[in-house]
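Report on the structure given below.
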Amino acid sequence: MSPKEKKKAKAVTIHEKWCKRCGICAEFCPGKVFSFETGQIPVVAHLDSCTVCRLCEMRCPDYAVSVEEVSK
Amino acid sequence: MAKSKSQSALLSQYFRQQVLPTTWCAGCGIGTIMGSVVRAIEASEIPPHRFVFVTGIGCYGPAGQYIRISDLHALHGRTPAYATGLKLANPEVYPILLMGDGDAASIGGNHLIHAARRNIDMTAIVMNNHNYGMTGGQYSPTTPQQVPASTAPYGMLERSFDLCKVVQAAGGTFVARTTVYHVNQMVTIMTRAILHQGFSFVEVESQCPTYFGRFSKRGSPVAMLKWQKENSISVEKAREMKPEELEGKIVTGIFVEEKQPEYVEDYYRLVARVKGKNSAKG
Amino acid sequence: MKGKECLMMGNEACVEGAIAAGVRFFAGYPITPASEIAEIMSARLPQVGGCFIQMEDELGSITAATGASLGGMKAMTASSGPGLSLKQEGIGCAAIMEVPVVIINVQRGGPGIGNIQPSQGDVMQARWGSHGGPQLIALSPSSVKECFDLTAKAVNLAERFRVPVIVLSDASVGHMREKILVPDSVEIINRKRPTVPPEKYLSYDTDEPDGVPPLADLGTEYLSHITSFMHYKNGFPAWTDLKVTDALVKRLTNKILWHKDEIIALERYLLDDAEVALVAYGSTARPAKAAAAMARRKGIRAGLLKLMTLWPFPGEEVKKISEKARTIMVPELNLGQIVGEVERCACGNSKVVGINRVDGALLTPEEILARLEEGK
């Protein structure tokens, strides 16, 4: 993959039983992929904006976010 | 170094998913820190079975039950001492010490500084959330002055430790600080800490939204991470700043990374020398 | 028995007994009258490929020894009474984690800093000093030879039962010098190792009939979770599982009490027809034996039960004696610690009295004889 080719996400899923609705993934997503309302599980609103940086996966304190990359 | 794996791959390989979700509060920093530890273990390319989590007493104590790494969940404050014996008995083991600020610097302070002084090959990770979270938010040696705590209802009167400076003064040969927010930096630093041959110390500025977050008014988990982001200054930049400009800020990065004789290797060299002399005597 | 005759100090004999039984790790801290153990270990262990470390404090010593044992090396620490007090949390932790470790306590006068004279003030501390009162094993040498033999036995018992074992020496026994035969080899018991493949291993598998789970070293293919919390078989915390907590606490006690026959060591001297029996241990055992012999020459049917195991207490043996002897006398270098156990186990069959000395000097045969004569 050339440096100019951006990664794309096939899916971003949140494990509903593990998510504690802290909102961290939504707040700090560089692509603003999630929409979040207090007390609710974040919703994937803009999948196309996801660059597969995986910051949401790394930051989620409950390992509840999973990003599946579009395979080349 | 290994390419970083996806969450689902890491979950399959390292986590006991049947016991998730964790018992930690919503937005607590521990889960993120443990995720970074797992990523660092993966990146180190050292066989995972050689790692042992040596954990103290605090909210992070039961971290080992979520992760498929051997663990020794023993006494409050004594993790460096347990790890010292473990490493001397089996130099192939990689102890990763999981401690809180109270565990490491209060009851465990003596063991921390001596493990650093000896420069034993182990990685100490201190999750610094500036209070004793498990027992209800009492003040710790890292609670900032004037911030209330359950045992400082009128505000913390004592000065607080700069843990990295303490360990540096004690002779730690890898000393670094990061924050839960700076998660990529955290994984990089932890990986370097593990691969460093000697005593590695990583302080992670962490959030306890339930107690310290409320007492300090730093707020929700999101607000506390924002605070970490906005108040962190790299070690390189900090060198150019005046002390008053650094007041209340977190300096992050690697402060010390040096090669010094490692104690266990030195000791076994001594053993070989003594045994050799004894054999020569017949 | 093949061996080498050596003039040796009691503390040195503890070291040699430990090394003969396979100890290869020692962590300690200087304290009179035990420091010689650390000093000699620091020289001897590298000679046999082992590790010595002087830790920063007593708590570091017991915890480092525990960590080393979990890493696969037979491990030991040593101290005196004040140090044993500091180690108690670590000892209790080793008990619930079920880690083999030996603690030599060369007793001195207390409480507090006290003095450095011999005493037997830590007998009850050895049994009940740790939070939760775990059932430990405590042995009591009365000679340099017994320092060697009982330390080797302590190492073996620790390995056999995955339990901390305390050796209650004292300033007199620890510092005396006697000629002993150091055997070329001793019986060695190694901890039970897992026989199942790694994926089936549980750190606290309680299906073993003797109540002792196999122990895998940390850092191997056998994933192991060692914890000081109440725990399930897999080593994970059982916070509020009442059945599990009940079963665990009872198993930790029963694995020792069910096997008293392997643990109890004692010596019977002229007890068959004794009208007055002495029950003695450690530094009072030899003067007591001499006093019993002197009493016999004066027509007093005296005998001695010498205890080399103090905990678990050999109550059955004491009961047997109480069924024959009119009086049982318990000489101790304290104000009465084992005497209460003797009284309990005598079940009112005999009059039980203590002979006590707490000034830092030893009880003499003459002093004990005088009490035997009074008692007649």
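Identifiers for the structure tokens are assigned positionally: chains receive A, B, ... in sequence, residues are indexed from 1 per chain, and ligands are indexed from 1 in the order shown.
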
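Residues in contact range of Ile107 in chain B, defined as at most 9 Å between only C-alpha atoms, with sequence neighbours fewer than 6 positions away removed, read His76, Gly77 and Arg78 of chain B.
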
Selected residues, C-alpha atoms, written as a short mmCIF file (atom, residue, chain, number, x, y, z; two decimals), in the first residue's frame, please.
```
data_model
loop_
_atom_site.label_atom_id
_atom_site.label_comp_id
_atom_site.auth_asym_id
_atom_site.auth_seq_id
_atom_site.Cartn_x
_atom_site.Cartn_y
_atom_site.Cartn_z
CA HIS B 76 0.35 -4.18 49.25
CA GLY B 77 3.60 -2.44 48.46
CA ARG B 78 5.85 -5.48 48.21
#
```

Open item on the list: Residues within 9 Å of Cys25 in chain A, please, as a list in words. Count only C-alpha atoms; anything in the same chain fewer than 3 positions from it doesn't count.
Closed with: Cys22, Phe28, Cys29, Phe34, Pro42, Leu55, Cys56, Glu57, Arg59, Cys60 and Val65 of chain A

- [ ] For Ala216 in chain C, list every protein, DNA or RNA residue within 8 Å, evaluated using only C-alpha atoms, and leave out those in the same chain fewer than 3 positions away; present the list as number ranges by chain.
- [x] C: 70, 193-194, 203, 220, 222, 224

Counting only C-alpha atoms, give me one row per residue of chain A with an atom at most 8 Å from an atom of chain B, showing the shortest contact pair and its distance in Å to one decimal, sorted by chain then residue number, as a tab-separated table.
```
residue	atom	partner	partner_atom	distance
A:Lys17	CA	B:Pro21	CA	7.1
A:Trp18	CA	B:Pro21	CA	4.7
A:Cys19	CA	B:Pro21	CA	7.8
A:Lys20	CA	B:Ala26	CA	5.2
A:Arg21	CA	B:Ala26	CA	7.0
A:Cys22	CA	B:Gly27	CA	5.1
A:Gly23	CA	B:Val222	CA	6.8
A:Ile24	CA	B:Val222	CA	5.6
A:Glu27	CA	B:Val222	CA	7.1
A:Arg54	CA	B:Ser6	CA	7.8
A:Leu55	CA	B:Val183	CA	7.6
A:Glu57	CA	B:Gln7	CA	6.1
A:Met58	CA	B:Thr32	CA	6.6
A:Arg59	CA	B:Thr32	CA	5.4
A:Cys60	CA	B:Thr32	CA	6.0
A:Pro61	CA	B:Gly31	CA	4.1
A:Asp62	CA	B:Gly31	CA	5.9
A:Tyr63	CA	B:Gln7	CA	7.2
A:Val65	CA	B:Gln7	CA	7.5
A:Ser66	CA	B:Gln7	CA	5.7
A:Val67	CA	B:Ser6	CA	7.3
A:Glu68	CA	B:Ser6	CA	7.9
```

Would you save the residues from that selection as an mmCIF file, in the first residue's frame, using N, CA and C atoms?
```
data_model
loop_
_atom_site.group_PDB
_atom_site.id
_atom_site.type_symbol
_atom_site.label_atom_id
_atom_site.label_comp_id
_atom_site.auth_asym_id
_atom_site.auth_seq_id
_atom_site.Cartn_x
_atom_site.Cartn_y
_atom_site.Cartn_z
ATOM 1 N N LYS A 17 -22.356 -5.400 25.748
ATOM 2 C CA LYS A 17 -22.332 -5.845 27.159
ATOM 3 C C LYS A 17 -21.091 -5.322 27.889
ATOM 4 N N TRP A 18 -20.036 -4.986 27.143
ATOM 5 C CA TRP A 18 -18.819 -4.528 27.792
ATOM 6 C C TRP A 18 -18.759 -3.001 27.893
ATOM 7 N N CYS A 19 -19.416 -2.330 26.978
ATOM 8 C CA CYS A 19 -19.341 -0.869 26.935
ATOM 9 C C CYS A 19 -19.953 -0.265 28.190
ATOM 10 N N LYS A 20 -19.229 0.645 28.837
ATOM 11 C CA LYS A 20 -19.757 1.292 30.038
ATOM 12 C C LYS A 20 -20.176 2.728 29.749
ATOM 13 N N ARG A 21 -20.249 3.082 28.486
ATOM 14 C CA ARG A 21 -20.795 4.379 28.053
ATOM 15 C C ARG A 21 -19.997 5.552 28.617
ATOM 16 N N CYS A 22 -18.665 5.409 28.653
ATOM 17 C CA CYS A 22 -17.843 6.495 29.182
ATOM 18 C C CYS A 22 -17.674 7.620 28.156
ATOM 19 N N GLY A 23 -17.842 7.282 26.880
ATOM 20 C CA GLY A 23 -17.781 8.304 25.840
ATOM 21 C C GLY A 23 -16.393 8.643 25.345
ATOM 22 N N ILE A 24 -15.374 7.948 25.855
ATOM 23 C CA ILE A 24 -13.995 8.287 25.497
ATOM 24 C C ILE A 24 -13.742 8.066 24.009
ATOM 25 N N GLU A 27 -15.382 10.924 21.949
ATOM 26 C CA GLU A 27 -14.822 12.259 22.170
ATOM 27 C C GLU A 27 -13.515 12.470 21.436
ATOM 28 N N ARG A 54 -7.206 3.180 15.020
ATOM 29 C CA ARG A 54 -7.390 2.268 16.166
ATOM 30 C C ARG A 54 -7.197 2.960 17.522
ATOM 31 N N LEU A 55 -7.255 4.268 17.542
ATOM 32 C CA LEU A 55 -7.152 4.954 18.834
ATOM 33 C C LEU A 55 -8.340 4.590 19.729
ATOM 34 N N GLU A 57 -9.884 1.729 19.815
ATOM 35 C CA GLU A 57 -9.605 0.394 20.362
ATOM 36 C C GLU A 57 -8.635 0.510 21.525
ATOM 37 N N MET A 58 -7.595 1.317 21.324
ATOM 38 C CA MET A 58 -6.547 1.409 22.332
ATOM 39 C C MET A 58 -7.030 2.158 23.568
ATOM 40 N N ARG A 59 -7.892 3.166 23.368
ATOM 41 C CA ARG A 59 -8.308 3.975 24.507
ATOM 42 C C ARG A 59 -9.461 3.358 25.278
ATOM 43 N N CYS A 60 -10.278 2.553 24.648
ATOM 44 C CA CYS A 60 -11.447 2.022 25.352
ATOM 45 C C CYS A 60 -11.006 1.240 26.579
ATOM 46 N N PRO A 61 -11.456 1.674 27.753
ATOM 47 C CA PRO A 61 -11.007 0.973 28.966
ATOM 48 C C PRO A 61 -11.594 -0.432 29.087
ATOM 49 N N ASP A 62 -12.546 -0.750 28.237
ATOM 50 C CA ASP A 62 -13.231 -2.036 28.367
ATOM 51 C C ASP A 62 -13.090 -2.933 27.153
ATOM 52 N N TYR A 63 -12.185 -2.567 26.254
ATOM 53 C CA TYR A 63 -11.861 -3.397 25.075
ATOM 54 C C TYR A 63 -13.101 -3.639 24.231
ATOM 55 N N VAL A 65 -14.441 -1.736 21.778
ATOM 56 C CA VAL A 65 -14.498 -1.241 20.397
ATOM 57 C C VAL A 65 -13.599 -2.094 19.513
ATOM 58 N N SER A 66 -14.138 -2.454 18.355
ATOM 59 C CA SER A 66 -13.368 -3.286 17.434
ATOM 60 C C SER A 66 -13.476 -2.708 16.033
ATOM 61 N N VAL A 67 -12.323 -2.470 15.388
ATOM 62 C CA VAL A 67 -12.316 -1.900 14.039
ATOM 63 C C VAL A 67 -11.856 -2.970 13.065
ATOM 64 N N GLU A 68 -12.690 -3.242 12.081
ATOM 65 C CA GLU A 68 -12.303 -4.216 11.063
ATOM 66 C C GLU A 68 -11.922 -3.449 9.805
#
```

Sort by chain and increasing residue number a table of all residues of chain B within 8 Å of chain C, each with its closest pair of atoms and their distance in Å to one decimal, counting only C-alpha atoms, and write it as CSV.
```
residue,atom,partner,partner_atom,distance
B:His49,CA,C:Glu221,CA,5.6
B:Arg50,CA,C:Gly219,CA,4.5
B:Phe51,CA,C:Gly219,CA,6.0
B:Val52,CA,C:Gly219,CA,6.1
B:Pro62,CA,C:Pro237,CA,7.6
B:Gly64,CA,C:His225,CA,7.7
B:Gln65,CA,C:Phe236,CA,6.1
B:Arg68,CA,C:Leu223,CA,7.4
B:Ile69,CA,C:Leu223,CA,6.6
B:Ser70,CA,C:Ser224,CA,4.8
B:Asp71,CA,C:His225,CA,4.9
B:Leu72,CA,C:Ile226,CA,4.8
B:His73,CA,C:Thr227,CA,4.6
B:Ala74,CA,C:Ser228,CA,5.3
B:Leu75,CA,C:Cys93,CA,7.2
B:Arg78,CA,C:Gly60,CA,6.9
B:Ala81,CA,C:Ala64,CA,5.0
B:Tyr82,CA,C:Gly67,CA,4.4
B:Ala83,CA,C:Gly67,CA,6.2
B:Thr84,CA,C:Ala64,CA,5.9
B:Gly85,CA,C:Ala64,CA,4.1
B:Leu86,CA,C:Ala68,CA,4.3
B:Lys87,CA,C:Ala68,CA,7.3
B:Leu88,CA,C:Ala68,CA,6.8
B:Ala89,CA,C:Ala68,CA,5.0
B:Asn90,CA,C:Gly71,CA,5.5
B:Glu92,CA,C:Gly219,CA,7.5
B:Val93,CA,C:Gly219,CA,5.2
B:Tyr94,CA,C:Gly219,CA,7.6
B:Asn110,CA,C:Glu56,CA,7.3
B:His111,CA,C:Gly60,CA,7.0
B:His114,CA,C:Glu56,CA,6.9
B:Tyr267,CA,C:Cys51,CA,7.7
B:Leu270,CA,C:Pro46,CA,7.4
B:Val271,CA,C:Pro46,CA,4.6
B:Ala272,CA,C:Gly49,CA,7.6
B:Val274,CA,C:Gln47,CA,5.8
B:Lys275,CA,C:Gln47,CA,5.1
B:Asn278,CA,C:Gln47,CA,7.0
```

For those residues, write N, CA and C atoms to a file as an mmCIF file, in the first residue's frame.
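Contents of part.cif, as written:
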```
data_model
loop_
_atom_site.group_PDB
_atom_site.id
_atom_site.type_symbol
_atom_site.label_atom_id
_atom_site.label_comp_id
_atom_site.auth_asym_id
_atom_site.auth_seq_id
_atom_site.Cartn_x
_atom_site.Cartn_y
_atom_site.Cartn_z
ATOM 1 N N HIS B 49 4.504 -16.355 27.781
ATOM 2 C CA HIS B 49 4.511 -17.154 29.009
ATOM 3 C C HIS B 49 5.677 -16.791 29.925
ATOM 4 N N ARG B 50 6.633 -16.014 29.424
ATOM 5 C CA ARG B 50 7.771 -15.638 30.272
ATOM 6 C C ARG B 50 7.452 -14.413 31.125
ATOM 7 N N PHE B 51 6.338 -13.765 30.820
ATOM 8 C CA PHE B 51 5.969 -12.604 31.629
ATOM 9 C C PHE B 51 5.193 -13.049 32.858
ATOM 10 N N VAL B 52 5.384 -12.308 33.945
ATOM 11 C CA VAL B 52 4.583 -12.511 35.140
ATOM 12 C C VAL B 52 4.148 -11.127 35.619
ATOM 13 N N PRO B 62 -6.625 -7.065 40.562
ATOM 14 C CA PRO B 62 -7.121 -8.251 39.857
ATOM 15 C C PRO B 62 -6.954 -8.208 38.341
ATOM 16 N N GLY B 64 -4.836 -9.336 36.478
ATOM 17 C CA GLY B 64 -4.383 -10.612 35.931
ATOM 18 C C GLY B 64 -5.495 -11.559 35.576
ATOM 19 N N GLN B 65 -6.675 -11.399 36.192
ATOM 20 C CA GLN B 65 -7.736 -12.353 35.902
ATOM 21 C C GLN B 65 -8.342 -12.113 34.529
ATOM 22 N N ARG B 68 -4.414 -13.500 29.909
ATOM 23 C CA ARG B 68 -3.742 -14.816 29.964
ATOM 24 C C ARG B 68 -2.232 -14.646 30.104
ATOM 25 N N ILE B 69 -1.846 -14.079 31.232
ATOM 26 C CA ILE B 69 -0.429 -13.961 31.586
ATOM 27 C C ILE B 69 -0.371 -14.422 33.036
ATOM 28 N N SER B 70 0.663 -15.148 33.411
ATOM 29 C CA SER B 70 0.775 -15.575 34.807
ATOM 30 C C SER B 70 0.812 -14.362 35.719
ATOM 31 N N ASP B 71 0.247 -14.508 36.890
ATOM 32 C CA ASP B 71 0.343 -13.382 37.792
ATOM 33 C C ASP B 71 0.511 -13.787 39.238
ATOM 34 N N LEU B 72 1.135 -12.889 39.983
ATOM 35 C CA LEU B 72 1.380 -13.057 41.403
ATOM 36 C C LEU B 72 0.740 -11.852 42.069
ATOM 37 N N HIS B 73 -0.387 -12.087 42.694
ATOM 38 C CA HIS B 73 -1.194 -11.001 43.253
ATOM 39 C C HIS B 73 -1.011 -11.066 44.762
ATOM 40 N N ALA B 74 -0.053 -10.332 45.239
ATOM 41 C CA ALA B 74 0.355 -10.525 46.628
ATOM 42 C C ALA B 74 0.145 -9.269 47.473
ATOM 43 N N LEU B 75 1.137 -8.907 48.249
ATOM 44 C CA LEU B 75 0.924 -7.905 49.294
ATOM 45 C C LEU B 75 1.031 -6.468 48.805
ATOM 46 N N ARG B 78 4.653 -4.602 48.211
ATOM 47 C CA ARG B 78 5.848 -5.481 48.210
ATOM 48 C C ARG B 78 6.191 -6.015 46.827
ATOM 49 N N ALA B 81 9.816 -6.428 45.777
ATOM 50 C CA ALA B 81 10.550 -7.441 46.537
ATOM 51 C C ALA B 81 10.207 -8.847 46.046
ATOM 52 N N TYR B 82 8.915 -9.108 45.818
ATOM 53 C CA TYR B 82 8.532 -10.411 45.251
ATOM 54 C C TYR B 82 9.236 -10.616 43.914
ATOM 55 N N ALA B 83 9.219 -9.581 43.100
ATOM 56 C CA ALA B 83 9.806 -9.688 41.760
ATOM 57 C C ALA B 83 11.318 -9.879 41.834
ATOM 58 N N THR B 84 11.947 -9.291 42.840
ATOM 59 C CA THR B 84 13.401 -9.458 43.018
ATOM 60 C C THR B 84 13.733 -10.923 43.232
ATOM 61 N N GLY B 85 12.989 -11.563 44.148
ATOM 62 C CA GLY B 85 13.238 -12.981 44.408
ATOM 63 C C GLY B 85 12.933 -13.826 43.191
ATOM 64 N N LEU B 86 11.814 -13.526 42.548
ATOM 65 C CA LEU B 86 11.388 -14.288 41.363
ATOM 66 C C LEU B 86 12.450 -14.222 40.269
ATOM 67 N N LYS B 87 12.946 -13.018 40.019
ATOM 68 C CA LYS B 87 13.911 -12.818 38.930
ATOM 69 C C LYS B 87 15.256 -13.474 39.243
ATOM 70 N N LEU B 88 15.666 -13.403 40.516
ATOM 71 C CA LEU B 88 16.929 -14.045 40.886
ATOM 72 C C LEU B 88 16.816 -15.557 40.757
ATOM 73 N N ALA B 89 15.660 -16.105 41.151
ATOM 74 C CA ALA B 89 15.480 -17.555 41.079
ATOM 75 C C ALA B 89 15.360 -18.024 39.638
ATOM 76 N N ASN B 90 14.752 -17.208 38.806
ATOM 77 C CA ASN B 90 14.580 -17.573 37.398
ATOM 78 C C ASN B 90 14.790 -16.348 36.524
ATOM 79 N N GLU B 92 14.990 -16.020 33.519
ATOM 80 C CA GLU B 92 14.254 -16.028 32.253
ATOM 81 C C GLU B 92 12.884 -15.369 32.369
ATOM 82 N N VAL B 93 12.436 -15.164 33.620
ATOM 83 C CA VAL B 93 11.120 -14.551 33.831
ATOM 84 C C VAL B 93 11.200 -13.043 33.603
ATOM 85 N N TYR B 94 10.147 -12.463 33.015
ATOM 86 C CA TYR B 94 10.049 -11.009 32.862
ATOM 87 C C TYR B 94 8.970 -10.493 33.805
ATOM 88 N N ASN B 110 10.053 1.911 49.993
ATOM 89 C CA ASN B 110 11.385 1.379 50.278
ATOM 90 C C ASN B 110 11.781 0.334 49.237
ATOM 91 N N HIS B 111 10.838 -0.552 48.899
ATOM 92 C CA HIS B 111 11.179 -1.604 47.941
ATOM 93 C C HIS B 111 11.394 -1.024 46.555
ATOM 94 N N HIS B 114 14.936 0.574 46.266
ATOM 95 C CA HIS B 114 16.027 -0.406 46.287
ATOM 96 C C HIS B 114 16.059 -1.255 45.021
ATOM 97 N N TYR B 267 25.114 -10.902 39.440
ATOM 98 C CA TYR B 267 25.148 -11.891 40.520
ATOM 99 C C TYR B 267 25.537 -13.257 39.971
ATOM 100 N N LEU B 270 29.103 -13.564 39.379
ATOM 101 C CA LEU B 270 29.797 -13.818 40.642
ATOM 102 C C LEU B 270 29.713 -15.294 40.992
ATOM 103 N N VAL B 271 28.529 -15.878 40.816
ATOM 104 C CA VAL B 271 28.343 -17.303 41.127
ATOM 105 C C VAL B 271 29.285 -18.149 40.268
ATOM 106 N N ALA B 272 29.352 -17.826 38.994
ATOM 107 C CA ALA B 272 30.222 -18.594 38.087
ATOM 108 C C ALA B 272 31.678 -18.478 38.526
ATOM 109 N N VAL B 274 32.798 -17.833 41.618
ATOM 110 C CA VAL B 274 33.001 -18.539 42.888
ATOM 111 C C VAL B 274 33.009 -20.045 42.664
ATOM 112 N N LYS B 275 32.085 -20.518 41.850
ATOM 113 C CA LYS B 275 32.025 -21.961 41.579
ATOM 114 C C LYS B 275 33.282 -22.418 40.850
ATOM 115 N N ASN B 278 36.091 -22.706 43.254
ATOM 116 C CA ASN B 278 35.922 -23.880 44.110
ATOM 117 C C ASN B 278 36.292 -25.145 43.370
#
```

TODO: Measure the distance from CA of Gly83 in chain C to CA of Gly61 in chain B in Å and round it to one decimal.
DONE: 27.1 Å

Task: Long-range neighbours of range 128-134 of chain B as a PyMOL selection string, 6 Å cut-off, only C-alpha atoms, 3 positions minimum in chain - done: chain B and resi 58-59+100-101+137-140+142-143+204-208

Task: Exercise: Arg371 in chain C partners within 12 Å, only C-alpha atoms, chain neighbours under 3 positions left out, as a PyMOL selection string - done: chain C and resi 276-278+288+291-292+295+300+302+327-331+353-356+363-368+374-376

Open item on the list: Which residues are near range 7-20 of chain C? Cut-off 10 Å, only C-alpha atoms, ignore same chain within fewer than 4 positions. Put them as a PyMOL selection string.
Closed with: chain C and resi 24-26+33-41+44-45+48+50+74-76+78+102+104+106+141-156+167+169-188

TODO: Give the strand (DSSP E or B) residues of range 47-258 of chain C, as assigned by DSSP on the backbone, as a PyMOL selection string.
DONE: chain C and resi 51-54+74-79+101-107+137-139+164-170+177-183+225-227+231+237

- [ ] Determine, counting only C-alpha atoms, which protein, DNA and RNA residues have an atom within 10 Å of an atom of Cys53 in chain A; residues of the same chain fewer than 6 positions away are not included. Present the result as a VMD selection string.
- [x] chain A and resid 7 to 9 29 to 31 67

Can you write just those residues out, N, CA and C atoms, as an mmCIF file, in the first residue's frame?
```cif
data_model
loop_
_atom_site.group_PDB
_atom_site.id
_atom_site.type_symbol
_atom_site.label_atom_id
_atom_site.label_comp_id
_atom_site.auth_asym_id
_atom_site.auth_seq_id
_atom_site.Cartn_x
_atom_site.Cartn_y
_atom_site.Cartn_z
ATOM 1 N N LYS A 7 -6.199 3.984 4.823
ATOM 2 C CA LYS A 7 -6.890 2.761 5.243
ATOM 3 C C LYS A 7 -8.375 3.062 5.341
ATOM 4 N N LYS A 8 -9.148 2.033 5.138
ATOM 5 C CA LYS A 8 -10.596 2.216 5.261
ATOM 6 C C LYS A 8 -11.152 1.133 6.163
ATOM 7 N N ALA A 9 -12.190 1.481 6.911
ATOM 8 C CA ALA A 9 -12.793 0.531 7.836
ATOM 9 C C ALA A 9 -13.965 -0.172 7.180
ATOM 10 N N CYS A 29 -12.099 10.563 18.880
ATOM 11 C CA CYS A 29 -11.918 9.985 17.555
ATOM 12 C C CYS A 29 -11.524 11.096 16.580
ATOM 13 N N PRO A 30 -10.358 11.002 15.922
ATOM 14 C CA PRO A 30 -9.919 12.079 15.025
ATOM 15 C C PRO A 30 -10.882 12.283 13.853
ATOM 16 N N GLY A 31 -11.604 11.233 13.480
ATOM 17 C CA GLY A 31 -12.491 11.331 12.323
ATOM 18 C C GLY A 31 -13.937 11.597 12.693
ATOM 19 N N VAL A 67 -12.323 -2.470 15.388
ATOM 20 C CA VAL A 67 -12.316 -1.900 14.039
ATOM 21 C C VAL A 67 -11.856 -2.970 13.065
#
```
